[in-house]
>>> print(open('upload_37.pdb').read())   # PDB, C-alpha atoms
ATOM      1  CA  MET B   1      41.108   0.606 -23.205
ATOM      2  CA  SER B   2      40.528  -3.047 -23.938
ATOM      3  CA  ARG B   3      37.618  -4.265 -26.054
ATOM      4  CA  VAL B   4      35.945  -5.819 -22.989
ATOM      5  CA  GLY B   5      36.274  -2.592 -21.008
ATOM      6  CA  PHE B   6      34.878  -0.544 -23.901
ATOM      7  CA  LEU B   7      31.873  -2.847 -24.227
ATOM      8  CA  GLY B   8      31.324  -2.601 -20.473
ATOM      9  CA  VAL B   9      31.216   1.219 -20.663
ATOM     10  CA  ILE B  10      28.762   1.080 -23.568
ATOM     11  CA  ALA B  11      26.551  -1.370 -21.670
ATOM     12  CA  ARG B  12      26.494   0.901 -18.603
ATOM     13  CA  LEU B  13      25.664   3.937 -20.725
ATOM     14  CA  LEU B  14      22.782   2.083 -22.374
ATOM     15  CA  LEU B  15      21.539   0.900 -19.006
ATOM     16  CA  TRP B  16      21.646   4.375 -17.467
ATOM     17  CA  SER B  17      19.958   5.834 -20.565
ATOM     18  CA  PHE B  18      17.171   3.287 -20.284
ATOM     19  CA  LEU B  19      16.715   3.954 -16.554
ATOM     20  CA  LEU B  20      16.677   7.714 -17.178
ATOM     21  CA  CYS B  21      13.979   7.348 -19.841
ATOM     22  CA  LEU B  22      11.995   5.089 -17.515
ATOM     23  CA  ALA B  23      12.257   7.635 -14.699
ATOM     24  CA  VAL B  24      10.997  10.401 -17.014
ATOM     25  CA  VAL B  25       8.047   8.236 -18.091
ATOM     26  CA  VAL B  26       7.104   7.591 -14.445
ATOM     27  CA  VAL B  27       7.802  11.002 -12.902
ATOM     28  CA  TYR B  28       6.589  13.319 -15.678
ATOM     29  CA  PRO B  29       2.839  12.491 -15.366
ATOM     30  CA  LEU B  30       3.043  13.157 -11.619
ATOM     31  CA  LEU B  31       4.724  16.525 -12.161
ATOM     32  CA  TRP B  32       2.242  17.387 -14.930
ATOM     33  CA  MET B  33      -0.665  16.622 -12.591
ATOM     34  CA  LEU B  34       0.942  18.695  -9.812
ATOM     35  CA  VAL B  35       1.550  21.710 -12.059
ATOM     36  CA  ASN B  36      -1.932  21.648 -13.602
ATOM     37  CA  GLY B  37      -3.378  22.047 -10.118
ATOM     38  CA  PHE B  38      -1.938  25.581 -10.121
ATOM     39  CA  LYS B  39      -3.449  26.576 -13.479
ATOM     40  CA  THR B  40      -6.816  27.856 -14.588
ATOM     41  CA  ASN B  41      -9.161  26.009 -16.911
ATOM     42  CA  SER B  42      -8.248  28.275 -19.816
ATOM     43  CA  GLU B  43      -4.531  27.637 -19.293
ATOM     44  CA  ILE B  44      -5.052  23.860 -19.186
ATOM     45  CA  PHE B  45      -7.003  23.864 -22.436
ATOM     46  CA  GLY B  46      -4.874  26.559 -24.093
ATOM     47  CA  ASN B  47      -1.444  25.082 -23.353
ATOM     48  CA  PRO B  48      -1.605  22.011 -21.095
ATOM     49  CA  PHE B  49       2.168  21.457 -21.071
ATOM     50  CA  ALA B  50       3.248  24.992 -20.168
ATOM     51  CA  LEU B  51       3.900  26.362 -16.713
ATOM     52  CA  PRO B  52       1.116  28.430 -15.101
ATOM     53  CA  SER B  53       1.257  32.182 -15.606
ATOM     54  CA  GLN B  54       0.600  32.633 -11.885
ATOM     55  CA  TRP B  55       1.201  30.046  -9.181
ATOM     56  CA  SER B  56      -1.935  29.969  -7.057
ATOM     57  CA  PHE B  57      -3.051  27.496  -4.392
ATOM     58  CA  ASP B  58      -6.738  28.330  -4.899
ATOM     59  CA  SER B  59      -7.511  25.005  -6.605
ATOM     60  CA  TYR B  60      -5.804  23.050  -3.843
ATOM     61  CA  GLN B  61      -7.750  24.963  -1.215
ATOM     62  CA  LYS B  62     -11.023  24.352  -3.084
ATOM     63  CA  ALA B  63     -10.305  20.637  -3.400
ATOM     64  CA  TRP B  64      -9.458  20.444   0.293
ATOM     65  CA  ASN B  65     -12.662  22.219   1.299
ATOM     66  CA  ARG B  66     -14.834  20.190  -1.087
ATOM     67  CA  GLY B  67     -14.270  16.913   0.680
ATOM     68  CA  VAL B  68     -10.668  15.874   0.090
ATOM     69  CA  SER B  69      -9.803  16.585   3.726
ATOM     70  CA  ASN B  70     -12.486  14.132   4.896
ATOM     71  CA  TYR B  71     -11.494  11.523   2.324
ATOM     72  CA  LEU B  72      -7.852  11.878   3.351
ATOM     73  CA  THR B  73      -8.688  11.449   7.041
ATOM     74  CA  THR B  74     -10.736   8.314   6.337
ATOM     75  CA  SER B  75      -8.017   6.831   4.134
ATOM     76  CA  ILE B  76      -5.364   7.440   6.783
ATOM     77  CA  LEU B  77      -7.541   5.850   9.475
ATOM     78  CA  VAL B  78      -8.430   2.793   7.390
ATOM     79  CA  THR B  79      -4.879   2.343   6.093
ATOM     80  CA  VAL B  80      -3.184   2.613   9.494
ATOM     81  CA  THR B  81      -5.597   0.343  11.374
ATOM     82  CA  SER B  82      -5.793  -2.316   8.641
ATOM     83  CA  THR B  83      -1.998  -2.312   8.325
ATOM     84  CA  VAL B  84      -1.589  -2.941  12.060
ATOM     85  CA  THR B  85      -4.190  -5.735  12.174
ATOM     86  CA  THR B  86      -3.027  -7.404   8.957
ATOM     87  CA  VAL B  87       0.665  -7.466   9.828
ATOM     88  CA  PHE B  88       0.039  -8.522  13.442
ATOM     89  CA  PHE B  89      -2.301 -11.434  12.602
ATOM     90  CA  SER B  90      -0.102 -12.509   9.689
ATOM     91  CA  ALA B  91       3.082 -12.468  11.765
ATOM     92  CA  TRP B  92       1.381 -14.377  14.585
ATOM     93  CA  ALA B  93       0.030 -16.941  12.104
ATOM     94  CA  ALA B  94       3.434 -17.282  10.450
ATOM     95  CA  TYR B  95       5.043 -17.818  13.858
ATOM     96  CA  GLY B  96       2.578 -20.588  14.680
ATOM     97  CA  LEU B  97       3.095 -22.269  11.305
ATOM     98  CA  THR B  98       6.899 -22.209  11.543
ATOM     99  CA  ARG B  99       7.680 -22.422  15.255
ATOM    100  CA  VAL B 100       4.832 -24.439  16.795
ATOM    101  CA  ALA B 101       4.083 -28.083  16.049
ATOM    102  CA  ILE B 102       0.338 -27.700  15.510
ATOM    103  CA  PRO B 103      -1.824 -30.620  14.315
ATOM    104  CA  PHE B 104      -2.301 -30.701  10.536
ATOM    105  CA  GLY B 105       0.099 -27.808  10.162
ATOM    106  CA  LYS B 106       0.594 -28.312   6.419
ATOM    107  CA  ALA B 107      -3.150 -28.468   5.844
ATOM    108  CA  VAL B 108      -3.662 -25.255   7.810
ATOM    109  CA  THR B 109      -0.909 -23.603   5.770
ATOM    110  CA  GLY B 110      -2.610 -24.729   2.583
ATOM    111  CA  VAL B 111      -5.966 -23.339   3.707
ATOM    112  CA  ILE B 112      -4.464 -19.944   4.597
ATOM    113  CA  LEU B 113      -2.485 -19.680   1.383
ATOM    114  CA  GLY B 114      -5.561 -20.845  -0.524
ATOM    115  CA  GLY B 115      -7.000 -17.437   0.238
ATOM    116  CA  LEU B 116      -4.610 -16.060  -2.386
ATOM    117  CA  MET B 117      -6.776 -17.692  -5.066
ATOM    118  CA  LEU B 118     -10.023 -16.044  -3.919
ATOM    119  CA  ALA B 119     -10.902 -13.126  -6.179
ATOM    120  CA  PRO B 120     -12.537 -10.268  -4.235
ATOM    121  CA  SER B 121     -15.117  -9.657  -6.976
ATOM    122  CA  VAL B 122     -16.439 -13.227  -6.634
ATOM    123  CA  ALA B 123     -17.285 -12.711  -2.953
ATOM    124  CA  LEU B 124     -18.945  -9.287  -3.254
ATOM    125  CA  VAL B 125     -22.601 -10.382  -3.194
ATOM    126  CA  PRO B 126     -22.399 -12.701  -0.137
ATOM    127  CA  LEU B 127     -20.179 -10.200   1.671
ATOM    128  CA  VAL B 128     -22.671  -7.384   1.107
ATOM    129  CA  LYS B 129     -25.506  -9.554   2.462
ATOM    130  CA  MET B 130     -23.415 -10.599   5.451
ATOM    131  CA  PHE B 131     -22.329  -7.077   6.393
ATOM    132  CA  GLN B 132     -25.859  -5.754   5.995
ATOM    133  CA  SER B 133     -27.201  -8.419   8.329
ATOM    134  CA  MET B 134     -24.456  -7.620  10.847
ATOM    135  CA  GLY B 135     -25.074  -3.874  10.675
ATOM    136  CA  LEU B 136     -21.543  -3.190   9.454
ATOM    137  CA  TYR B 137     -22.383  -2.091   5.917
ATOM    138  CA  ASN B 138     -21.378   1.486   5.055
ATOM    139  CA  SER B 139     -19.024   1.731   8.013
ATOM    140  CA  PHE B 140     -15.345   1.988   8.789
ATOM    141  CA  TRP B 141     -15.428  -1.525  10.265
ATOM    142  CA  ALA B 142     -16.447  -3.065   6.946
ATOM    143  CA  LEU B 143     -13.304  -1.811   5.224
ATOM    144  CA  LEU B 144     -11.100  -2.725   8.189
ATOM    145  CA  ILE B 145     -12.362  -6.326   8.215
ATOM    146  CA  LEU B 146     -12.188  -6.719   4.428
ATOM    147  CA  TYR B 147      -8.737  -5.220   4.029
ATOM    148  CA  THR B 148      -7.412  -7.396   6.834
ATOM    149  CA  ALA B 149      -9.093 -10.629   5.741
ATOM    150  CA  PHE B 150      -8.105 -10.408   2.085
ATOM    151  CA  ARG B 151      -4.486  -9.414   2.760
ATOM    152  CA  VAL B 152      -3.680 -11.870   5.572
ATOM    153  CA  PRO B 153      -2.977 -14.823   3.206
ATOM    154  CA  PHE B 154      -0.466 -12.886   1.089
ATOM    155  CA  THR B 155       1.188 -11.226   4.084
ATOM    156  CA  THR B 156       1.366 -14.544   5.955
ATOM    157  CA  PHE B 157       2.981 -16.121   2.901
ATOM    158  CA  LEU B 158       5.742 -13.488   2.865
ATOM    159  CA  ILE B 159       6.448 -13.499   6.612
ATOM    160  CA  ARG B 160       6.305 -17.307   6.836
ATOM    161  CA  ALA B 161       8.870 -17.616   4.037
ATOM    162  CA  TYR B 162      11.179 -15.304   5.966
ATOM    163  CA  MET B 163      10.692 -17.075   9.312
ATOM    164  CA  LEU B 164      11.556 -20.451   7.793
ATOM    165  CA  ASP B 165      15.166 -19.284   7.473
ATOM    166  CA  LEU B 166      15.494 -18.019  11.042
ATOM    167  CA  PRO B 167      17.628 -20.252  13.303
ATOM    168  CA  ARG B 168      15.537 -22.370  15.652
ATOM    169  CA  GLU B 169      18.338 -22.379  18.207
ATOM    170  CA  VAL B 170      17.294 -18.873  19.229
ATOM    171  CA  ASP B 171      13.791 -20.107  20.122
ATOM    172  CA  GLU B 172      15.200 -23.059  22.029
ATOM    173  CA  ALA B 173      17.514 -20.779  24.005
ATOM    174  CA  ALA B 174      14.619 -18.457  24.806
ATOM    175  CA  GLU B 175      12.510 -21.396  25.979
ATOM    176  CA  MET B 176      15.336 -22.579  28.239
ATOM    177  CA  ASP B 177      15.471 -19.079  29.745
ATOM    178  CA  GLY B 178      11.795 -19.316  30.616
ATOM    179  CA  CYS B 179      10.281 -17.301  27.788
ATOM    180  CA  GLY B 180       6.723 -18.169  26.830
ATOM    181  CA  ARG B 181       5.464 -18.268  23.272
ATOM    182  CA  TRP B 182       4.179 -14.720  23.392
ATOM    183  CA  THR B 183       7.383 -13.291  24.844
ATOM    184  CA  ALA B 184       9.534 -15.199  22.355
ATOM    185  CA  PHE B 185       7.385 -13.990  19.471
ATOM    186  CA  TRP B 186       7.219 -10.372  20.550
ATOM    187  CA  ARG B 187      10.749  -9.827  21.856
ATOM    188  CA  ILE B 188      12.864 -12.243  19.796
ATOM    189  CA  THR B 189      11.281 -13.479  16.571
ATOM    190  CA  LEU B 190       9.518 -10.284  15.527
ATOM    191  CA  PRO B 191      12.627  -8.042  15.827
ATOM    192  CA  MET B 192      14.557 -10.590  13.740
ATOM    193  CA  CYS B 193      11.883 -10.232  11.042
ATOM    194  CA  LYS B 194      12.213  -6.456  10.783
ATOM    195  CA  PRO B 195      13.108  -6.358   7.033
ATOM    196  CA  ILE B 196      10.102  -8.414   5.937
ATOM    197  CA  ILE B 197       7.810  -6.679   8.444
ATOM    198  CA  VAL B 198       8.727  -3.277   7.006
ATOM    199  CA  SER B 199       8.215  -4.647   3.487
ATOM    200  CA  THR B 200       4.768  -6.033   4.275
ATOM    201  CA  VAL B 201       3.770  -2.806   6.020
ATOM    202  CA  LEU B 202       4.682  -0.741   2.960
ATOM    203  CA  LEU B 203       2.995  -3.170   0.575
ATOM    204  CA  HIS B 204      -0.206  -3.131   2.595
ATOM    205  CA  ILE B 205      -0.185   0.664   2.789
ATOM    206  CA  LEU B 206       0.065   0.845  -1.004
ATOM    207  CA  PHE B 207      -2.829  -1.607  -1.301
ATOM    208  CA  ALA B 208      -5.149   0.015   1.258
ATOM    209  CA  TRP B 209      -4.466   3.545   0.073
ATOM    210  CA  ASN B 210      -5.331   2.785  -3.559
ATOM    211  CA  GLU B 211      -8.022   0.095  -3.114
ATOM    212  CA  TYR B 212     -11.219   1.027  -4.943
ATOM    213  CA  LEU B 213     -13.563  -1.966  -5.350
ATOM    214  CA  PHE B 214     -14.379  -2.638  -1.681
ATOM    215  CA  ALA B 215     -14.394   1.080  -0.842
ATOM    216  CA  MET B 216     -16.895   1.756  -3.619
ATOM    217  CA  VAL B 217     -19.238  -1.166  -2.832
ATOM    218  CA  PHE B 218     -19.213  -1.083   0.970
ATOM    219  CA  THR B 219     -19.249   2.681   1.603
ATOM    220  CA  SER B 220     -21.830   5.085   0.258
ATOM    221  CA  GLY B 221     -21.852   7.853   2.849
ATOM    222  CA  ALA B 222     -19.562  10.863   2.411
ATOM    223  CA  GLY B 223     -18.230  10.428   5.947
ATOM    224  CA  VAL B 224     -16.741   6.978   5.325
ATOM    225  CA  GLN B 225     -15.516   7.236   1.740
ATOM    226  CA  THR B 226     -11.797   6.819   1.103
ATOM    227  CA  LEU B 227      -9.713   8.855  -1.327
ATOM    228  CA  PRO B 228     -10.190   6.703  -4.476
ATOM    229  CA  VAL B 229     -13.987   6.794  -4.139
ATOM    230  CA  GLY B 230     -13.989  10.398  -2.963
ATOM    231  CA  LEU B 231     -11.955  11.512  -5.979
ATOM    232  CA  MET B 232     -14.454   9.852  -8.308
ATOM    233  CA  SER B 233     -17.195  11.786  -6.531
ATOM    234  CA  LEU B 234     -15.171  14.979  -6.854
ATOM    235  CA  MET B 235     -14.738  14.390 -10.590
ATOM    236  CA  SER B 236     -18.458  13.760 -11.088
ATOM    237  CA  LYS B 237     -19.396  16.965  -9.248
ATOM    238  CA  HIS B 238     -16.625  19.229 -10.539
ATOM    239  CA  GLY B 239     -15.610  17.466 -13.739
ATOM    240  CA  THR B 240     -15.393  20.729 -15.683
ATOM    241  CA  ASP B 241     -13.208  22.364 -13.022
ATOM    242  CA  PHE B 242     -10.065  20.503 -13.997
ATOM    243  CA  PRO B 243      -7.601  22.398 -11.756
ATOM    244  CA  VAL B 244      -9.606  21.317  -8.686
ATOM    245  CA  VAL B 245      -9.677  17.713  -9.930
ATOM    246  CA  PHE B 246      -5.912  17.726 -10.559
ATOM    247  CA  ALA B 247      -5.322  19.292  -7.155
ATOM    248  CA  GLY B 248      -7.359  16.575  -5.439
ATOM    249  CA  MET B 249      -5.503  13.845  -7.314
ATOM    250  CA  THR B 250      -2.176  15.381  -6.328
ATOM    251  CA  ILE B 251      -3.121  15.563  -2.647
ATOM    252  CA  ALA B 252      -4.090  11.887  -2.810
ATOM    253  CA  ALA B 253      -0.924  10.806  -4.612
ATOM    254  CA  VAL B 254       1.785  12.755  -2.807
ATOM    255  CA  PRO B 255       1.749  10.915   0.581
ATOM    256  CA  VAL B 256       1.981   7.423  -0.863
ATOM    257  CA  VAL B 257       4.543   8.435  -3.506
ATOM    258  CA  LEU B 258       6.808   9.942  -0.851
ATOM    259  CA  LEU B 259       6.338   6.888   1.355
ATOM    260  CA  PHE B 260       7.213   4.547  -1.494
ATOM    261  CA  PHE B 261      10.378   6.436  -2.431
ATOM    262  CA  ALA B 262      11.426   6.548   1.228
ATOM    263  CA  GLY B 263      10.841   2.839   1.809
ATOM    264  CA  GLN B 264      11.547   1.218  -1.543
ATOM    265  CA  ARG B 265      14.915  -0.126  -0.422
ATOM    266  CA  TYR B 266      13.223  -1.858   2.512
ATOM    267  CA  ILE B 267      10.732  -3.492   0.160
ATOM    268  CA  VAL B 268      13.493  -4.845  -2.055
ATOM    269  CA  LYS B 269      15.651  -5.972   0.867
ATOM    270  CA  GLY B 270      12.803  -7.611   2.753
ATOM    271  CA  LEU B 271      11.523  -9.537  -0.251
ATOM    272  CA  ALA B 272      15.038 -10.531  -1.314
ATOM    273  CA  ASP B 273      15.878 -11.803   2.173
ATOM    274  CA  GLY B 274      12.550 -13.608   2.419
ATOM    275  CA  ILE B 275      11.117 -15.377  -0.583
ATOM    276  CA  GLY B 276      14.278 -14.666  -2.550
ATOM    277  CA  LYS B 277      16.249 -17.175  -0.490
TER     278      LYS B 277
END
>>> encode(input="upload_37.pdb", output="structure tokens")
Amino acid sequence: MSRVGFLGVIARLLLWSFLLCLAVVVVYPLLWMLVNGFKTNSEIFGNPFALPSQWSFDSYQKAWNRGVSNYLTTSILVTVTSTVTTVFFSAWAAYGLTRVAIPFGKAVTGVILGGLMLAPSVALVPLVKMFQSMGLYNSFWALLILYTAFRVPFTTFLIRAYMLDLPREVDEAAEMDGCGRWTAFWRITLPMCKPIIVSTVLLHILFAWNEYLFAMVFTSGAGVQTLPVGLMSLMSKHGTDFPVVFAGMTIAAVPVVLLFFAGQRYIVKGLADGIGK
């Protein structure tokens, strides 16, 4: 084996060793949390890194019955609806900014992308006053509006960058065939943007599922709390019952972890084909 080939093998071994260590660092805490949900308090304090003496789902059932089922339902509802509205409005805005000659198009683009610089914490006080006056405070609609409004600039930025590289000849051909703007957007442009659409959907799901600040400030009733806020409530009420707390955290983490592992290649591909060009 040549010297270059030997160095290449060593480099690959070092790379795979590093990736393996990184995977252990990421996956081990999740497995530890999952396993501790099957233990008793005495087992967690006695030997927190050992396997449980008896695998029991009692803690998971208790966590589910103590509010996690309601928190999970609310999180799913808020995440799904805000994902649909955010991606739809962002894609429609990106289409208008890249395919329609609107007056002051660059200025409009700058205003939309300027929303990326607005920190959510800065706008909390006026937003609370506004939603209270509108009767939307402590409701599902408050989170839907906030999640959509604060994610549209970033999502529009990603989809717009992808649409800039799409051939305009396709739009011209569709117009010659009698397609209107809506038909061209829905049946031609949007299917061509599938990689970036899937990427933005997954990114928004990760955001909405784990968002805590807005969910904590704008929801106070148990019926409208999402998982992050609900888990904090669970910890405050049952902080000494650690198996139940670990079980609730596991139930909250498993769906989004599985979704991320299933769709991570779409995230990478969509971002690489979009802003990576």
>>> residues_near_point(input="upload_37.pdb", point="(1.0, 5.5, -4.0)", cutoff="9 Å", atoms="only C-alpha atoms", output="count of residues only")
14
>>> atom_distance(input="upload_37.pdb", atom1="atom CA of B:Met192", atom2="atom CA of B:Leu166")
8.0 Å
>>> closest_atom_pairs(input="upload_37.pdb", of="stretch 33-87 of chain B", to="stretch 154-164 of chain B", cutoff="12 Å", atoms="all atoms listed in the file", output="JSON lines")
{"residue": "B:Thr83", "atom": "CA", "partner": "B:Thr155", "partner_atom": "CA", "distance": 10.4}
{"residue": "B:Val84", "atom": "CA", "partner": "B:Thr155", "partner_atom": "CA", "distance": 11.8}
{"residue": "B:Thr85", "atom": "CA", "partner": "B:Thr155", "partner_atom": "CA", "distance": 11.2}
{"residue": "B:Thr86", "atom": "CA", "partner": "B:Thr155", "partner_atom": "CA", "distance": 7.5}
{"residue": "B:Val87", "atom": "CA", "partner": "B:Thr155", "partner_atom": "CA", "distance": 6.9}
>>> residues_around(input="upload_37.pdb", residues="stretch 59-76 of chain B", least_positions_apart="4", cutoff="7 Å", atoms="only C-alpha atoms", output="VMD selection string")
chain B and resid 37 to 38 80 209 223 to 227 230 243 to 244 247 to 248
>>> closest_residue(input="upload_37.pdb", among="B:Val229, B:Leu202, B:Leu213, B:Ile251", to="B:Ala119", atoms="all atoms listed in the file")
B:Leu213
>>> residues_around(input="upload_37.pdb", residues="B:Val27", least_positions_apart="6", cutoff="12 Å", atoms="all atoms listed in the file", output="JSON, numbers by chain")
{"B": [19, 20, 21, 33, 34, 254, 257, 261]}
>>> atom_distance(input="upload_37.pdb", atom1="atom CA of B:Ile112", atom2="atom CA of B:Pro153")
5.5 Å
>>> closest_residue(input="upload_37.pdb", among="B:Pro167, B:Thr219, B:Cys193, B:Arg151", to="B:Met117", atoms="all atoms listed in the file")
B:Arg151
>>> atom_distance(input="upload_37.pdb", atom1="atom CA of B:Trp32", atom2="atom CA of B:Met235")
17.8 Å
>>> closest_residue(input="upload_37.pdb", among="B:Val128, B:Leu231, B:Val25, B:Val108", to="B:Ala93", atoms="all atoms listed in the file")
B:Val108
>>> resolve_selection(input="upload_37.pdb", expression="the PyMOL selection byres ((chain B and resi 218) around 9)", output="PDB file with C-alpha atoms, in the coordinates of the input")
ATOM      1  CA  VAL B 128     -22.671  -7.384   1.107  1.00  0.00           C
ATOM      2  CA  PHE B 131     -22.329  -7.077   6.393  1.00  0.00           C
ATOM      3  CA  TYR B 137     -22.383  -2.091   5.917  1.00  0.00           C
ATOM      4  CA  ASN B 138     -21.378   1.486   5.055  1.00  0.00           C
ATOM      5  CA  SER B 139     -19.024   1.731   8.013  1.00  0.00           C
ATOM      6  CA  ALA B 142     -16.447  -3.065   6.946  1.00  0.00           C
ATOM      7  CA  LEU B 143     -13.304  -1.811   5.224  1.00  0.00           C
ATOM      8  CA  LEU B 213     -13.563  -1.966  -5.350  1.00  0.00           C
ATOM      9  CA  PHE B 214     -14.379  -2.638  -1.681  1.00  0.00           C
ATOM     10  CA  ALA B 215     -14.394   1.080  -0.842  1.00  0.00           C
ATOM     11  CA  MET B 216     -16.895   1.756  -3.619  1.00  0.00           C
ATOM     12  CA  VAL B 217     -19.238  -1.166  -2.832  1.00  0.00           C
ATOM     13  CA  THR B 219     -19.249   2.681   1.603  1.00  0.00           C
ATOM     14  CA  SER B 220     -21.830   5.085   0.258  1.00  0.00           C
TER      15      SER B 220
END
>>> closest_residue(input="upload_37.pdb", among="B:Val100, B:Ile145, B:Phe89, B:Gly115", to="B:Gly180", atoms="all atoms listed in the file")
B:Val100
>>> resolve_selection(input="upload_37.pdb", expression="the PyMOL selection byres ((chain B and resi 182) around 12)", output="list of chain:residue names")
B:Ala91, B:Trp92, B:Tyr95, B:Gly96, B:Arg99, B:Val100, B:Asp171, B:Ala174, B:Glu175, B:Gly178, B:Cys179, B:Gly180, B:Arg181, B:Thr183, B:Ala184, B:Phe185, B:Trp186, B:Arg187, B:Ile188, B:Thr189, B:Leu190
>>> closest_residue(input="upload_37.pdb", among="B:Leu146, B:Thr79, B:Ala23, B:Ala173", to="B:Leu203", atoms="all atoms listed in the file")
B:Thr79
>>> resolve_selection(input="upload_37.pdb", expression="the PyMOL selection byres ((chain B and resi 49-52) around 12)", output="PyMOL selection string")
chain B and resi 28-29+31-48+53-57+243
>>> write_last_selection(input="upload_37.pdb", atoms="C-alpha atoms", output="short mmCIF file (atom, residue, chain, number, x, y, z; two decimals), keeping the file's coordinate frame")
data_model
loop_
_atom_site.label_atom_id
_atom_site.label_comp_id
_atom_site.auth_asym_id
_atom_site.auth_seq_id
_atom_site.Cartn_x
_atom_site.Cartn_y
_atom_site.Cartn_z
CA TYR B 28 6.59 13.32 -15.68
CA PRO B 29 2.84 12.49 -15.37
CA LEU B 31 4.72 16.52 -12.16
CA TRP B 32 2.24 17.39 -14.93
CA MET B 33 -0.66 16.62 -12.59
CA LEU B 34 0.94 18.70 -9.81
CA VAL B 35 1.55 21.71 -12.06
CA ASN B 36 -1.93 21.65 -13.60
CA GLY B 37 -3.38 22.05 -10.12
CA PHE B 38 -1.94 25.58 -10.12
CA LYS B 39 -3.45 26.58 -13.48
CA THR B 40 -6.82 27.86 -14.59
CA ASN B 41 -9.16 26.01 -16.91
CA SER B 42 -8.25 28.28 -19.82
CA GLU B 43 -4.53 27.64 -19.29
CA ILE B 44 -5.05 23.86 -19.19
CA PHE B 45 -7.00 23.86 -22.44
CA GLY B 46 -4.87 26.56 -24.09
CA ASN B 47 -1.44 25.08 -23.35
CA PRO B 48 -1.60 22.01 -21.10
CA SER B 53 1.26 32.18 -15.61
CA GLN B 54 0.60 32.63 -11.88
CA TRP B 55 1.20 30.05 -9.18
CA SER B 56 -1.94 29.97 -7.06
CA PHE B 57 -3.05 27.50 -4.39
CA PRO B 243 -7.60 22.40 -11.76
#
>>> decode(input="upload_37.pdb", residues="stretch 215-229 of chain B", atoms="N, CA and C atoms", output="CSV table (one decimal), in the first residue's frame")
chain,number,residue,atom,x,y,z
B,215,ALA,N,-45.2,29.9,24.1
B,215,ALA,CA,-46.1,29.0,24.8
B,215,ALA,C,-46.3,29.3,26.3
B,216,MET,N,-45.2,29.7,26.9
B,216,MET,CA,-45.2,30.0,28.3
B,216,MET,C,-46.0,31.3,28.6
B,217,VAL,N,-45.7,32.3,27.8
B,217,VAL,CA,-46.3,33.7,28.0
B,217,VAL,C,-47.7,33.8,27.6
B,218,PHE,N,-48.1,33.2,26.5
B,218,PHE,CA,-49.4,33.4,25.9
B,218,PHE,C,-50.4,32.3,26.2
B,219,THR,N,-50.0,31.3,27.0
B,219,THR,CA,-51.0,30.2,27.4
B,219,THR,C,-50.8,30.0,28.9
B,220,SER,N,-51.9,30.0,29.6
B,220,SER,CA,-51.8,29.7,31.1
B,220,SER,C,-52.8,28.6,31.5
B,221,GLY,N,-53.7,28.3,30.6
B,221,GLY,CA,-54.7,27.3,31.0
B,221,GLY,C,-54.2,25.9,30.6
B,222,ALA,N,-54.5,24.9,31.4
B,222,ALA,CA,-54.0,23.6,31.1
B,222,ALA,C,-54.5,23.0,29.8
B,223,GLY,N,-55.6,23.5,29.3
B,223,GLY,CA,-56.2,23.0,28.0
B,223,GLY,C,-55.5,23.5,26.8
B,224,VAL,N,-54.6,24.5,26.9
B,224,VAL,CA,-54.0,25.1,25.7
B,224,VAL,C,-52.4,25.1,25.9
B,225,GLN,N,-51.9,24.4,26.9
B,225,GLN,CA,-50.5,24.4,27.0
B,225,GLN,C,-49.8,23.3,26.1
B,226,THR,N,-48.7,23.6,25.6
B,226,THR,CA,-48.0,22.7,24.7
B,226,THR,C,-47.0,21.9,25.6
B,227,LEU,N,-46.4,20.9,24.9
B,227,LEU,CA,-45.5,20.0,25.7
B,227,LEU,C,-44.4,20.7,26.5
B,228,PRO,N,-43.6,21.6,25.9
B,228,PRO,CA,-42.6,22.2,26.7
B,228,PRO,C,-43.1,22.9,28.0
B,229,VAL,N,-44.2,23.6,27.9
B,229,VAL,CA,-44.7,24.2,29.1
B,229,VAL,C,-45.4,23.2,30.0
